[in-house]
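J.: One file: run_27.cif (mmCIF, C-alpha atoms (C1' of nucleotides)).
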data_start
loop_
_atom_site.label_atom_id
_atom_site.label_comp_id
_atom_site.auth_asym_id
_atom_site.auth_seq_id
_atom_site.Cartn_x
_atom_site.Cartn_y
_atom_site.Cartn_z
CA MET Y 24 -21.18 -37.93 9.08
CA LYS Y 25 -17.79 -36.73 10.19
CA LYS Y 26 -16.32 -33.62 8.79
CA LYS Y 27 -13.40 -34.12 6.54
CA PRO Y 28 -10.70 -31.81 7.68
CA GLU Y 29 -8.23 -33.36 5.32
CA VAL Y 30 -10.39 -32.31 2.41
CA THR Y 31 -11.30 -28.83 3.59
CA ALA Y 32 -7.77 -28.11 4.70
CA GLN Y 33 -6.58 -28.96 1.24
CA THR Y 34 -9.20 -26.82 -0.42
CA ARG Y 35 -8.37 -23.94 1.88
CA GLN Y 36 -4.70 -24.31 1.06
CA ASN Y 37 -5.40 -24.47 -2.66
CA LEU Y 38 -7.27 -21.20 -2.42
CA ILE Y 39 -4.48 -19.63 -0.40
CA ASP Y 40 -1.88 -20.82 -2.88
CA ALA Y 41 -3.84 -19.46 -5.82
CA PHE Y 42 -4.21 -16.17 -4.03
CA TRP Y 43 -0.53 -16.02 -3.25
CA THR Y 44 0.46 -16.64 -6.85
CA LEU Y 45 -1.68 -13.69 -7.85
CA TYR Y 46 -0.48 -11.56 -4.95
CA CYS Y 47 3.11 -12.02 -6.07
CA GLU Y 48 2.14 -10.61 -9.44
CA LYS Y 49 -0.07 -7.70 -8.56
CA ARG Y 50 -1.62 -5.50 -5.91
CA ILE Y 51 -4.33 -7.04 -3.83
CA GLU Y 52 -6.98 -4.62 -5.07
CA LYS Y 53 -6.67 -6.01 -8.56
CA ILE Y 54 -7.21 -9.58 -7.45
CA THR Y 55 -10.76 -10.85 -7.92
CA ILE Y 56 -12.32 -13.81 -6.25
CA LYS Y 57 -13.18 -15.14 -9.67
CA GLU Y 58 -9.50 -15.24 -10.55
CA ILE Y 59 -8.57 -17.02 -7.36
CA THR Y 60 -11.17 -19.73 -7.68
CA GLN Y 61 -10.53 -20.22 -11.38
CA LYS Y 62 -6.83 -20.67 -10.74
CA ALA Y 63 -7.50 -23.04 -7.86
CA GLY Y 64 -10.16 -24.88 -9.83
CA TYR Y 65 -13.24 -24.19 -7.76
CA ASN Y 66 -16.57 -22.53 -8.12
CA ARG Y 67 -16.63 -18.91 -7.06
CA GLY Y 68 -19.19 -19.61 -4.39
CA THR Y 69 -16.86 -22.08 -2.71
CA PHE Y 70 -14.52 -19.25 -1.83
CA TYR Y 71 -17.08 -17.81 0.56
CA GLU Y 72 -17.21 -21.09 2.44
CA TYR Y 73 -13.65 -20.45 3.54
CA PHE Y 74 -13.03 -16.70 3.52
CA THR Y 75 -15.13 -13.59 3.81
CA ASP Y 76 -13.20 -11.64 1.20
CA VAL Y 77 -9.81 -11.26 -0.44
CA TYR Y 78 -8.30 -9.46 2.52
CA ASP Y 79 -9.29 -12.31 4.76
CA VAL Y 80 -6.94 -14.56 2.82
CA LEU Y 81 -4.06 -12.17 3.23
CA GLU Y 82 -4.71 -11.83 6.94
CA SER Y 83 -4.74 -15.56 7.25
CA ILE Y 84 -1.38 -15.81 5.56
CA GLU Y 85 0.09 -13.03 7.64
CA SER Y 86 -1.07 -14.57 10.88
CA SER Y 87 0.66 -17.79 10.06
CA LEU Y 88 3.88 -15.87 9.48
CA ILE Y 89 3.90 -13.89 12.69
CA PRO Y 90 5.76 -15.91 15.30
CA THR Y 91 3.94 -16.41 18.54
CA LEU Y 92 5.79 -15.81 21.76
CA ASP Y 93 6.41 -19.48 22.41
CA GLU Y 94 7.63 -20.11 18.90
CA LEU Y 95 10.38 -17.58 19.19
CA PRO Y 96 13.73 -19.01 20.20
CA PRO Y 97 14.32 -18.69 23.93
CA VAL Y 98 16.40 -15.69 24.73
CA SER Y 99 19.66 -16.36 26.42
CA THR Y 100 20.97 -13.50 28.44
CA THR Y 101 24.39 -15.01 28.69
CA THR Y 102 25.59 -15.37 25.15
CA GLY Y 103 25.32 -12.91 22.37
CA THR Y 104 22.51 -10.77 23.63
CA LEU Y 105 23.79 -8.26 21.17
CA GLY Y 106 23.06 -10.25 18.11
CA MET Y 107 19.79 -11.50 19.45
CA PRO Y 108 17.32 -9.39 17.55
CA LEU Y 109 19.38 -9.89 14.46
CA ASP Y 110 19.59 -13.65 14.84
CA MET Y 111 15.94 -13.87 15.65
CA PHE Y 112 14.91 -11.86 12.67
CA LEU Y 113 17.29 -13.47 10.23
CA LYS Y 114 16.07 -16.87 11.29
CA LEU Y 115 12.50 -15.84 10.63
CA TYR Y 116 13.40 -14.26 7.33
CA LYS Y 117 15.27 -17.33 6.14
CA GLN Y 118 12.44 -19.61 7.20
CA ASN Y 119 9.76 -17.65 5.37
CA ASN Y 120 11.92 -16.02 2.79
CA GLN Y 121 9.45 -16.28 -0.06
CA TYR Y 122 6.57 -14.77 1.87
CA TYR Y 123 8.50 -12.14 3.78
CA SER Y 124 10.16 -10.69 0.74
CA VAL Y 125 6.82 -10.10 -0.91
CA LEU Y 126 4.92 -8.87 2.14
CA LEU Y 127 7.75 -6.54 3.10
CA GLY Y 128 8.36 -5.44 -0.49
CA ASP Y 129 7.02 -2.57 -2.53
CA ASN Y 130 3.71 -4.23 -3.27
CA GLY Y 131 3.41 -5.71 0.16
CA ASP Y 132 1.49 -4.73 3.25
CA PRO Y 133 3.01 -1.96 5.33
CA ALA Y 134 1.08 -3.17 8.35
CA PHE Y 135 2.90 -6.49 8.19
CA ALA Y 136 6.22 -4.92 9.07
CA SER Y 137 4.66 -3.43 12.18
CA LYS Y 138 3.07 -6.71 13.17
CA LEU Y 139 6.39 -8.44 12.77
CA LYS Y 140 8.31 -5.89 14.79
CA ASN Y 141 5.73 -5.91 17.54
CA SER Y 142 5.87 -9.68 17.79
CA ILE Y 143 9.63 -9.74 18.19
CA LYS Y 144 10.02 -6.78 20.54
CA PRO Y 145 8.52 -8.32 23.70
CA THR Y 146 10.86 -11.28 23.57
CA ILE Y 147 13.85 -9.01 23.49
CA MET Y 148 12.39 -6.60 26.00
CA GLU Y 149 12.03 -9.47 28.39
CA VAL Y 150 15.77 -9.68 28.86
CA PHE Y 151 15.94 -6.14 30.12
CA VAL Y 152 12.91 -6.21 32.34
CA GLY Y 153 13.73 -5.30 35.92
CA LYS Y 154 17.13 -3.90 35.09
CA ASN Y 155 16.87 -0.61 36.82
CA ASP Y 156 19.23 1.18 34.52
CA VAL Y 157 17.12 0.47 31.46
CA ASN Y 158 14.94 3.17 30.04
CA GLN Y 159 12.05 1.13 28.69
CA LYS Y 160 10.87 3.77 26.28
CA GLU Y 161 14.29 4.36 24.86
CA LEU Y 162 14.83 0.64 24.51
CA ASP Y 163 11.60 0.44 22.58
CA TYR Y 164 12.86 3.06 20.16
CA ILE Y 165 16.20 1.36 19.81
CA LEU Y 166 14.47 -1.86 18.89
CA GLU Y 167 12.22 -0.05 16.44
CA TYR Y 168 15.31 1.48 14.88
CA THR Y 169 17.15 -1.80 14.66
CA LEU Y 170 14.29 -3.92 13.39
CA SER Y 171 13.35 -1.31 10.79
CA ALA Y 172 16.92 -1.25 9.57
CA MET Y 173 17.06 -5.02 9.37
CA ILE Y 174 13.77 -5.35 7.57
CA GLY Y 175 14.86 -2.61 5.20
CA ILE Y 176 18.26 -4.00 4.33
CA MET Y 177 17.04 -7.58 4.06
CA SER Y 178 14.20 -6.67 1.74
CA TYR Y 179 16.53 -4.54 -0.32
CA TRP Y 180 19.03 -7.33 -0.57
CA PHE Y 181 16.33 -9.71 -1.69
CA LYS Y 182 15.21 -7.32 -4.39
CA GLN Y 183 18.73 -7.04 -5.80
CA GLN Y 184 19.47 -10.77 -5.54
CA THR Y 185 21.15 -11.04 -8.89
CA ASP Y 186 24.86 -10.38 -9.05
CA ASP Y 187 24.85 -8.94 -5.59
CA ILE Y 188 26.72 -9.68 -2.42
CA THR Y 189 26.41 -13.01 -0.62
CA SER Y 190 24.24 -13.43 2.43
CA ASP Y 191 27.35 -14.06 4.52
CA LYS Y 192 28.78 -10.71 3.56
CA LEU Y 193 25.44 -9.08 4.21
CA PHE Y 194 25.13 -10.53 7.69
CA GLU Y 195 28.65 -9.55 8.50
CA LEU Y 196 27.90 -6.02 7.40
CA ILE Y 197 24.77 -5.86 9.51
CA TYR Y 198 26.67 -7.06 12.56
CA ARG Y 199 29.30 -4.43 11.99
CA LEU Y 200 26.70 -1.70 11.65
CA MET Y 201 25.05 -2.77 14.87
CA GLU Y 202 28.31 -3.07 16.77
CA GLN Y 203 30.00 0.07 15.65
CA GLY Y 204 27.36 2.26 14.11
CA VAL Y 205 27.12 3.67 10.64
CA MET Y 206 29.72 6.40 10.84
CA LYS Y 207 32.74 4.22 11.37
CA GLN Y 208 31.92 2.33 8.21
CA LEU Y 209 32.43 5.36 6.03
CA PRO Y 210 35.64 7.03 4.89
CA PHE Y 211 36.30 10.53 6.24
CA MET Y 212 34.98 9.25 9.52
CA SER Y 213 37.70 6.80 10.32
CA SER Y 214 40.64 5.04 8.80
CA GLU Y 215 38.81 1.76 8.68
CA LYS Y 216 38.41 0.31 5.26
CA VAL Y 217 34.81 -0.22 4.25
CA MET A 9 -10.11 29.57 -26.34
CA LYS A 10 -7.51 29.63 -23.64
CA LYS A 11 -7.44 27.01 -21.01
CA LYS A 12 -8.23 28.14 -17.54
CA PRO A 13 -5.48 26.79 -15.41
CA GLU A 14 -6.70 28.67 -12.38
CA VAL A 15 -9.97 26.79 -12.57
CA THR A 16 -8.63 23.35 -13.37
CA ALA A 17 -5.84 23.66 -10.86
CA GLN A 18 -8.37 24.39 -8.18
CA THR A 19 -10.63 21.51 -9.17
CA ARG A 20 -7.66 19.20 -9.28
CA GLN A 21 -6.55 20.32 -5.87
CA ASN A 22 -10.05 19.93 -4.47
CA LEU A 23 -10.11 16.35 -5.69
CA ILE A 24 -6.67 15.71 -4.24
CA ASP A 25 -7.67 17.17 -0.89
CA ALA A 26 -10.83 15.11 -0.75
CA PHE A 27 -8.83 12.01 -1.59
CA TRP A 28 -6.27 12.78 1.07
CA THR A 29 -8.90 13.22 3.75
CA LEU A 30 -10.21 9.78 2.92
CA TYR A 31 -6.74 8.28 2.64
CA CYS A 32 -5.92 9.41 6.15
CA GLU A 33 -8.91 7.45 7.38
CA LYS A 34 -8.69 4.23 5.42
CA ARG A 35 -6.79 2.07 2.98
CA ILE A 36 -6.79 3.15 -0.61
CA GLU A 37 -8.65 0.06 -1.77
CA LYS A 38 -11.69 1.12 0.17
CA ILE A 39 -11.81 4.57 -1.37
CA THR A 40 -14.24 4.96 -4.25
CA ILE A 41 -14.28 7.67 -6.84
CA LYS A 42 -17.85 8.38 -5.89
CA GLU A 43 -16.74 9.20 -2.36
CA ILE A 44 -13.99 11.50 -3.52
CA THR A 45 -16.15 13.48 -5.89
CA GLN A 46 -19.01 13.70 -3.45
CA LYS A 47 -16.71 15.07 -0.78
CA ALA A 48 -15.14 17.52 -3.22
CA GLY A 49 -18.53 18.50 -4.64
CA TYR A 50 -18.18 17.34 -8.23
CA ASN A 51 -19.77 14.92 -10.57
CA ARG A 52 -18.18 11.51 -10.66
CA GLY A 53 -17.40 11.88 -14.34
CA THR A 54 -15.34 14.97 -13.66
CA PHE A 55 -12.83 12.87 -11.79
CA TYR A 56 -11.79 11.16 -15.00
CA GLU A 57 -10.96 14.51 -16.58
CA TYR A 58 -8.14 14.81 -14.09
CA PHE A 59 -7.07 11.32 -13.07
CA THR A 60 -7.23 7.89 -14.60
CA ASP A 61 -8.07 6.17 -11.32
CA VAL A 62 -7.65 6.40 -7.57
CA TYR A 63 -4.02 5.32 -7.69
CA ASP A 64 -3.26 8.10 -10.09
CA VAL A 65 -4.17 10.60 -7.36
CA LEU A 66 -1.86 8.92 -4.88
CA GLU A 67 0.98 8.88 -7.38
CA SER A 68 0.46 12.54 -8.02
CA ILE A 69 0.71 13.31 -4.34
CA GLU A 70 3.76 11.11 -3.89
CA SER A 71 5.58 12.72 -6.80
CA SER A 72 5.16 16.12 -5.24
CA LEU A 73 6.70 14.80 -2.04
CA ILE A 74 9.78 13.17 -3.52
CA PRO A 75 12.57 15.71 -3.56
CA THR A 76 14.28 16.17 -6.90
CA LEU A 77 18.04 16.20 -6.97
CA ASP A 78 18.30 19.96 -7.18
CA GLU A 79 15.87 20.48 -4.34
CA LEU A 80 17.95 18.53 -1.92
CA PRO A 81 20.30 20.58 0.20
CA PRO A 82 23.81 20.73 -1.25
CA VAL A 83 26.05 18.22 0.35
CA SER A 84 29.04 19.57 2.14
CA THR A 85 31.92 17.17 2.40
CA THR A 86 33.65 19.23 5.00
CA THR A 87 31.24 19.48 7.88
CA GLY A 88 29.11 16.82 9.36
CA THR A 89 29.15 14.30 6.57
CA LEU A 90 28.18 11.86 9.22
CA GLY A 91 24.88 13.45 10.06
CA MET A 92 24.11 14.19 6.47
CA PRO A 93 21.60 11.51 5.64
CA LEU A 94 19.98 12.09 8.96
CA ASP A 95 19.76 15.84 8.57
CA MET A 96 18.51 15.50 5.04
CA PHE A 97 15.84 13.07 5.96
CA LEU A 98 14.73 14.85 9.11
CA LYS A 99 14.41 18.07 7.16
CA LEU A 100 12.20 16.36 4.62
CA TYR A 101 10.16 14.70 7.30
CA LYS A 102 9.60 17.92 9.18
CA GLN A 103 8.64 19.74 6.02
CA ASN A 104 6.07 17.21 4.95
CA ASN A 105 5.26 15.78 8.31
CA GLN A 106 1.55 15.33 7.74
CA TYR A 107 1.94 13.50 4.43
CA TYR A 108 5.01 11.46 5.32
CA SER A 109 3.57 10.06 8.50
CA VAL A 110 0.57 8.71 6.63
CA LEU A 111 2.37 7.46 3.54
CA LEU A 112 5.03 5.75 5.64
CA GLY A 113 2.52 4.44 8.18
CA ASP A 114 0.60 1.22 8.46
CA ASN A 115 -2.01 2.22 5.91
CA GLY A 116 0.50 3.90 3.67
CA ASP A 117 2.28 2.86 0.52
CA PRO A 118 5.34 0.64 0.94
CA ALA A 119 6.60 1.78 -2.44
CA PHE A 120 6.82 5.34 -1.17
CA ALA A 121 9.54 4.46 1.29
CA SER A 122 11.59 3.02 -1.55
CA LYS A 123 11.03 6.06 -3.73
CA LEU A 124 12.12 8.29 -0.90
CA LYS A 125 15.24 6.30 -0.13
CA ASN A 126 16.22 6.16 -3.77
CA SER A 127 15.83 9.88 -4.15
CA ILE A 128 18.11 10.63 -1.23
CA LYS A 129 20.77 8.02 -1.88
CA PRO A 130 22.39 9.56 -4.97
CA THR A 131 22.99 12.85 -3.21
CA ILE A 132 24.85 11.13 -0.44
CA MET A 133 26.61 8.75 -2.79
CA GLU A 134 27.95 11.74 -4.66
CA VAL A 135 30.23 12.58 -1.78
CA PHE A 136 31.99 9.27 -2.02
CA VAL A 137 32.28 9.05 -5.76
CA GLY A 138 35.84 8.64 -6.89
CA LYS A 139 37.11 7.74 -3.46
CA ASN A 140 39.00 4.62 -4.30
CA ASP A 141 38.59 3.07 -0.93
CA VAL A 142 34.81 3.11 -1.12
CA ASN A 143 32.94 -0.03 -1.94
CA GLN A 144 29.96 1.36 -3.81
CA LYS A 145 27.81 -1.65 -3.27
CA GLU A 146 28.47 -1.79 0.43
CA LEU A 147 27.84 1.92 0.73
CA ASP A 148 24.50 1.39 -0.97
CA TYR A 149 23.57 -1.20 1.61
CA ILE A 150 24.74 1.00 4.46
CA LEU A 151 22.52 3.79 3.22
CA GLU A 152 19.61 1.42 2.81
CA TYR A 153 20.16 0.27 6.38
CA THR A 154 20.36 3.79 7.74
CA LEU A 155 17.47 5.26 5.81
CA SER A 156 15.25 2.30 6.67
CA ALA A 157 16.09 2.73 10.32
CA MET A 158 15.34 6.43 10.21
CA ILE A 159 12.07 6.04 8.37
CA GLY A 160 11.11 3.33 10.81
CA ILE A 161 11.92 5.17 14.00
CA MET A 162 10.47 8.47 12.80
CA SER A 163 7.20 6.87 11.74
CA TYR A 164 7.02 5.00 15.00
CA TRP A 165 7.67 8.13 16.97
CA PHE A 166 4.95 9.93 15.08
CA LYS A 167 2.50 7.15 15.81
CA GLN A 168 3.19 7.33 19.54
CA GLN A 169 3.16 11.13 19.71
CA THR A 170 1.16 11.39 22.87
CA ASP A 171 3.06 11.34 26.11
CA ASP A 172 6.20 10.23 24.38
CA ILE A 173 9.70 11.59 24.19
CA THR A 174 10.49 14.95 22.63
CA SER A 175 11.84 15.29 19.13
CA ASP A 176 15.11 16.60 20.56
CA LYS A 177 15.60 13.48 22.61
CA LEU A 178 14.70 11.36 19.60
CA PHE A 179 17.22 13.06 17.34
CA GLU A 180 19.87 12.75 19.98
CA LEU A 181 19.14 9.05 20.26
CA ILE A 182 19.33 8.57 16.51
CA TYR A 183 22.66 10.36 16.36
CA ARG A 184 23.97 8.17 19.12
CA LEU A 185 22.81 5.02 17.37
CA MET A 186 24.47 6.09 14.15
CA GLU A 187 27.69 7.11 15.84
CA GLN A 188 28.15 4.21 18.16
CA GLY A 189 25.87 1.48 16.96
CA VAL A 190 23.08 -0.27 18.75
CA MET A 191 25.06 -2.49 21.08
CA LYS A 192 26.68 0.22 23.13
CA GLN A 193 23.28 1.61 23.97
CA LEU A 194 22.27 -1.50 25.83
CA PRO A 195 23.24 -2.74 29.26
CA PHE A 196 25.34 -5.95 29.39
CA MET A 197 27.18 -4.57 26.40
CA SER A 198 28.90 -1.68 28.03
CA SER A 199 28.92 0.38 31.16
CA GLU A 200 27.39 3.31 29.38
CA LYS A 201 24.13 4.48 30.76
CA VAL A 202 21.32 4.38 28.26
"C1'" DT L 16 -28.64 -43.34 2.36
"C1'" DA L 17 -27.49 -39.31 4.77
"C1'" DT L 18 -24.34 -35.76 4.65
"C1'" DA L 19 -20.08 -33.02 3.61
"C1'" DA L 20 -18.10 -30.74 -0.25
"C1'" DC L 21 -18.65 -28.64 -4.20
"C1'" DT L 22 -21.22 -26.88 -8.55
"C1'" DA L 23 -24.51 -24.21 -11.17
"C1'" DT L 24 -27.25 -20.41 -11.50
"C1'" DA L 25 -29.37 -16.33 -10.32
"C1'" DC L 26 -29.89 -11.83 -8.20
"C1'" DA L 27 -29.51 -7.15 -6.19
"C1'" DA L 28 -26.27 -3.76 -5.12
"C1'" DC L 29 -22.61 -1.17 -6.34
"C1'" DA L 30 -18.20 0.52 -8.69
"C1'" DT L 31 -15.99 1.41 -12.87
"C1'" DG L 32 -14.90 3.71 -17.14
"C1'" DT L 33 -16.86 5.92 -21.22
"C1'" DC L 34 -19.54 9.03 -23.94
"C1'" DG L 35 -22.68 12.30 -25.38
"C1'" DT L 36 -24.84 16.46 -23.65
"C1'" DC L 37 -25.37 20.64 -21.26
"C1'" DT L 38 -23.64 25.11 -19.15
"C1'" DT L 39 -20.99 28.74 -18.62
"C1'" DA L 40 -17.91 32.30 -19.90
"C1'" DC L 41 -14.49 34.06 -22.90
"C1'" DT L 42 -13.72 35.90 -27.65
"C1'" DG L 43 -13.99 38.77 -31.45
"C1'" DA L 44 -16.71 40.80 -35.12
"C1'" DA L 45 -20.35 44.19 -35.89
"C1'" DT M 1 -21.08 47.72 -26.18
"C1'" DT M 2 -23.29 43.82 -27.66
"C1'" DC M 3 -24.01 39.25 -28.78
"C1'" DA M 4 -23.48 34.89 -31.19
"C1'" DG M 5 -19.87 31.26 -31.74
"C1'" DT M 6 -17.04 28.24 -29.40
"C1'" DA M 7 -14.73 25.43 -26.28
"C1'" DA M 8 -13.54 24.29 -21.43
"C1'" DG M 9 -15.44 22.13 -17.75
"C1'" DA M 10 -18.92 19.75 -15.43
"C1'" DC M 11 -22.89 16.64 -15.65
"C1'" DG M 12 -26.10 12.49 -16.41
"C1'" DA M 13 -26.67 8.10 -18.08
"C1'" DC M 14 -25.11 3.72 -19.90
"C1'" DA M 15 -22.83 -0.80 -20.41
"C1'" DT M 16 -19.93 -3.79 -18.04
"C1'" DG M 17 -18.01 -6.35 -14.35
"C1'" DT M 18 -17.48 -7.58 -9.38
"C1'" DT M 19 -19.38 -8.61 -4.97
"C1'" DG M 20 -21.84 -11.11 -1.57
"C1'" DT M 21 -25.68 -14.09 -0.90
"C1'" DA M 22 -29.15 -17.52 -1.65
"C1'" DT M 23 -31.01 -21.73 -3.39
"C1'" DA M 24 -31.24 -25.95 -5.85
"C1'" DG M 25 -28.60 -29.68 -7.64
"C1'" DT M 26 -24.48 -33.18 -8.06
"C1'" DT M 27 -20.89 -36.31 -6.39
"C1'" DA M 28 -18.56 -39.19 -3.33
"C1'" DT M 29 -17.97 -41.40 0.88
"C1'" DA M 30 -18.69 -43.51 5.47
#
Take the structure from the file and write it as structure tokens.
T.:
Amino acid sequence: MKKKPEVTAQTRQNLIDAFWTLYCEKRIEKITIKEITQKAGYNRGTFYEYFTDVYDVLESIESSLIPTLDELPPVSTTTGTLGMPLDMFLKLYKQNNQYYSVLLGDNGDPAFASKLKNSIKPTIMEVFVGKNDVNQKELDYILEYTLSAMIGIMSYWFKQQTDDITSDKLFELIYRLMEQGVMKQLPFMSSEKV
Amino acid sequence: MKKKPEVTAQTRQNLIDAFWTLYCEKRIEKITIKEITQKAGYNRGTFYEYFTDVYDVLESIESSLIPTLDELPPVSTTTGTLGMPLDMFLKLYKQNNQYYSVLLGDNGDPAFASKLKNSIKPTIMEVFVGKNDVNQKELDYILEYTLSAMIGIMSYWFKQQTDDITSDKLFELIYRLMEQGVMKQLPFMSSEKV
DNA sequence: TATAACTATACAACATGTCGTCTTACTGAA
DNA sequence: TTCAGTAAGACGACATGTTGTATAGTTATA
């Protein structure tokens, strides 16, 4: 008999969804397989047909959220190279908003941020490859700096998301910070109004 | 009978040290109380005289690493307000290097970064209080952006710490990024040599 | 009717948290 | 100075719950 991928795929997804609901509520260590399968409506043993343990589910989710090289938007060296990492990241964040905000949040997985950064970096690096006036190592640090800042501010914004600023204002602010640096945005430092 | 703080303090510290050794090696979820007490040389039951569970130990360590308001260096509005958050953070990082690099690393605690940022923010905010041209909310986001970037780049640097750049070069780079932004550091964007 | 998908049940191994017990050493009265 | 009372601190053992695995049974479908 043929396998039934449409059935198993659904079951797998049900388990993932149940896990995710729990993961949004509490730390992974407090999630039991019993809970997951009960919520999803399966026998506990069924879980082991699909995953080895609870962490396996998380890894599976994370993998699906890390863009592969070919998925990332092609980098144009002509227009807006400046905003590239920002655009790239914001696009990803918007696409997977619900997952990113949890994984990058206070109860999330610190390793996920690294995975994400490391998946984006090469695409941006590519643009500068072969340019003889580019210090590769320094560029790497600049990207680490920028991506960390973006992940930080985006996650923070998402946490506040009540009466807070609009996403348009946020993006504009980020652009300004990248263009001009932090100092110019503050009083004492310049006459520019923040 | 009097308590014996010199005894309990030592036991407590022994348990903390044993925990930390394990925490440097693996994720907290994989650390058992049995392991901790065995390494420290106590009965498993003794652990519960000092901590409620494994997370309690981590919290205890984290609390001791979060600077209280009065511990933070007094903020001078006259000199170098620009480098303030940077100086403050770098000082903290240097002081607690060993702990910070683990807690802020891939196997660390994402909540610790938030705690740290939130403990530093008010001190910096203070400088701008009452300035009528300061948008408090925007300032908050700018600080979140900056502190995230600094935590990110410092942690990354610490991870690489083999044949990598010196701390002096790193600090200089960070200053430059804060002063001038990211864009100016890249080719295409300006004629400045990175 | 053969098989994929799932259920039901059971089991050993191990971690957890609790509780009663033991040990040691300080205390103060003789 | 001595020594029994006492309590802090550490220990050993227990009940409970989870994990991963194994095996037999049920349902539906092609």
J.: Could you work out which residues of chain Y fall inside 12 Å of chain M? Count all atoms listed in the file, and format the result as a PyMOL selection string.
T.: chain Y and resi 24-27+30+52-58+67-68+70-72+74-77
J.: Any chance you could work out the residue set of the PyMOL selection byres ((chain Y and resi 121) around 12) here, as a list in words?
T.: Trp43, Thr44, Cys47, Leu88, Leu115, Tyr116, Lys117, Gln118, Asn119, Asn120, Tyr122, Tyr123, Ser124, Val125, Leu126, Leu127, Gly128, Ser178, Phe181 and Lys182 of chain Y
J.: So, counting only C-alpha atoms (C1' of nucleotides), which residue among Y:Gln33, Y:Asn141, Y:Asn66, Y:Pro90 is closest to chain L?
T.: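 Closest residue, counting only C-alpha atoms (C1' of nucleotides): Y:Asn66.
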J.: Name the residues that the PyMOL selection byres ((chain A) within 6 of (chain Y)) picks from the file above, as a list in words, using the file's chain letters and numbers.
T.: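 Against this file, the PyMOL selection byres ((chain A) within 6 of (chain Y)) returns the residues Glu37, Leu90, Asp114, Pro118, Ala119, Glu152, Tyr153, Ser156, Ala157, Gly160, Ile161, Met186, Glu187, Gln188, Gly189, Val190 and Met191 of chain A.
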J.: Apply the PyMOL selection byres ((chain L) within 9 of (chain A)) to the structure shown and report the selected residues as a list in words.
T.: DA30, DT31, DG32, DC41 and DT42 of chain L
J.: What does the distance from atom CA of Thr16 of chain A to atom C1' of DG43 of chain L come to in Å, to one decimal?
T.: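 Atom C1' of DG43 of chain L lies 24.4 Å from atom CA of Thr16 of chain A.
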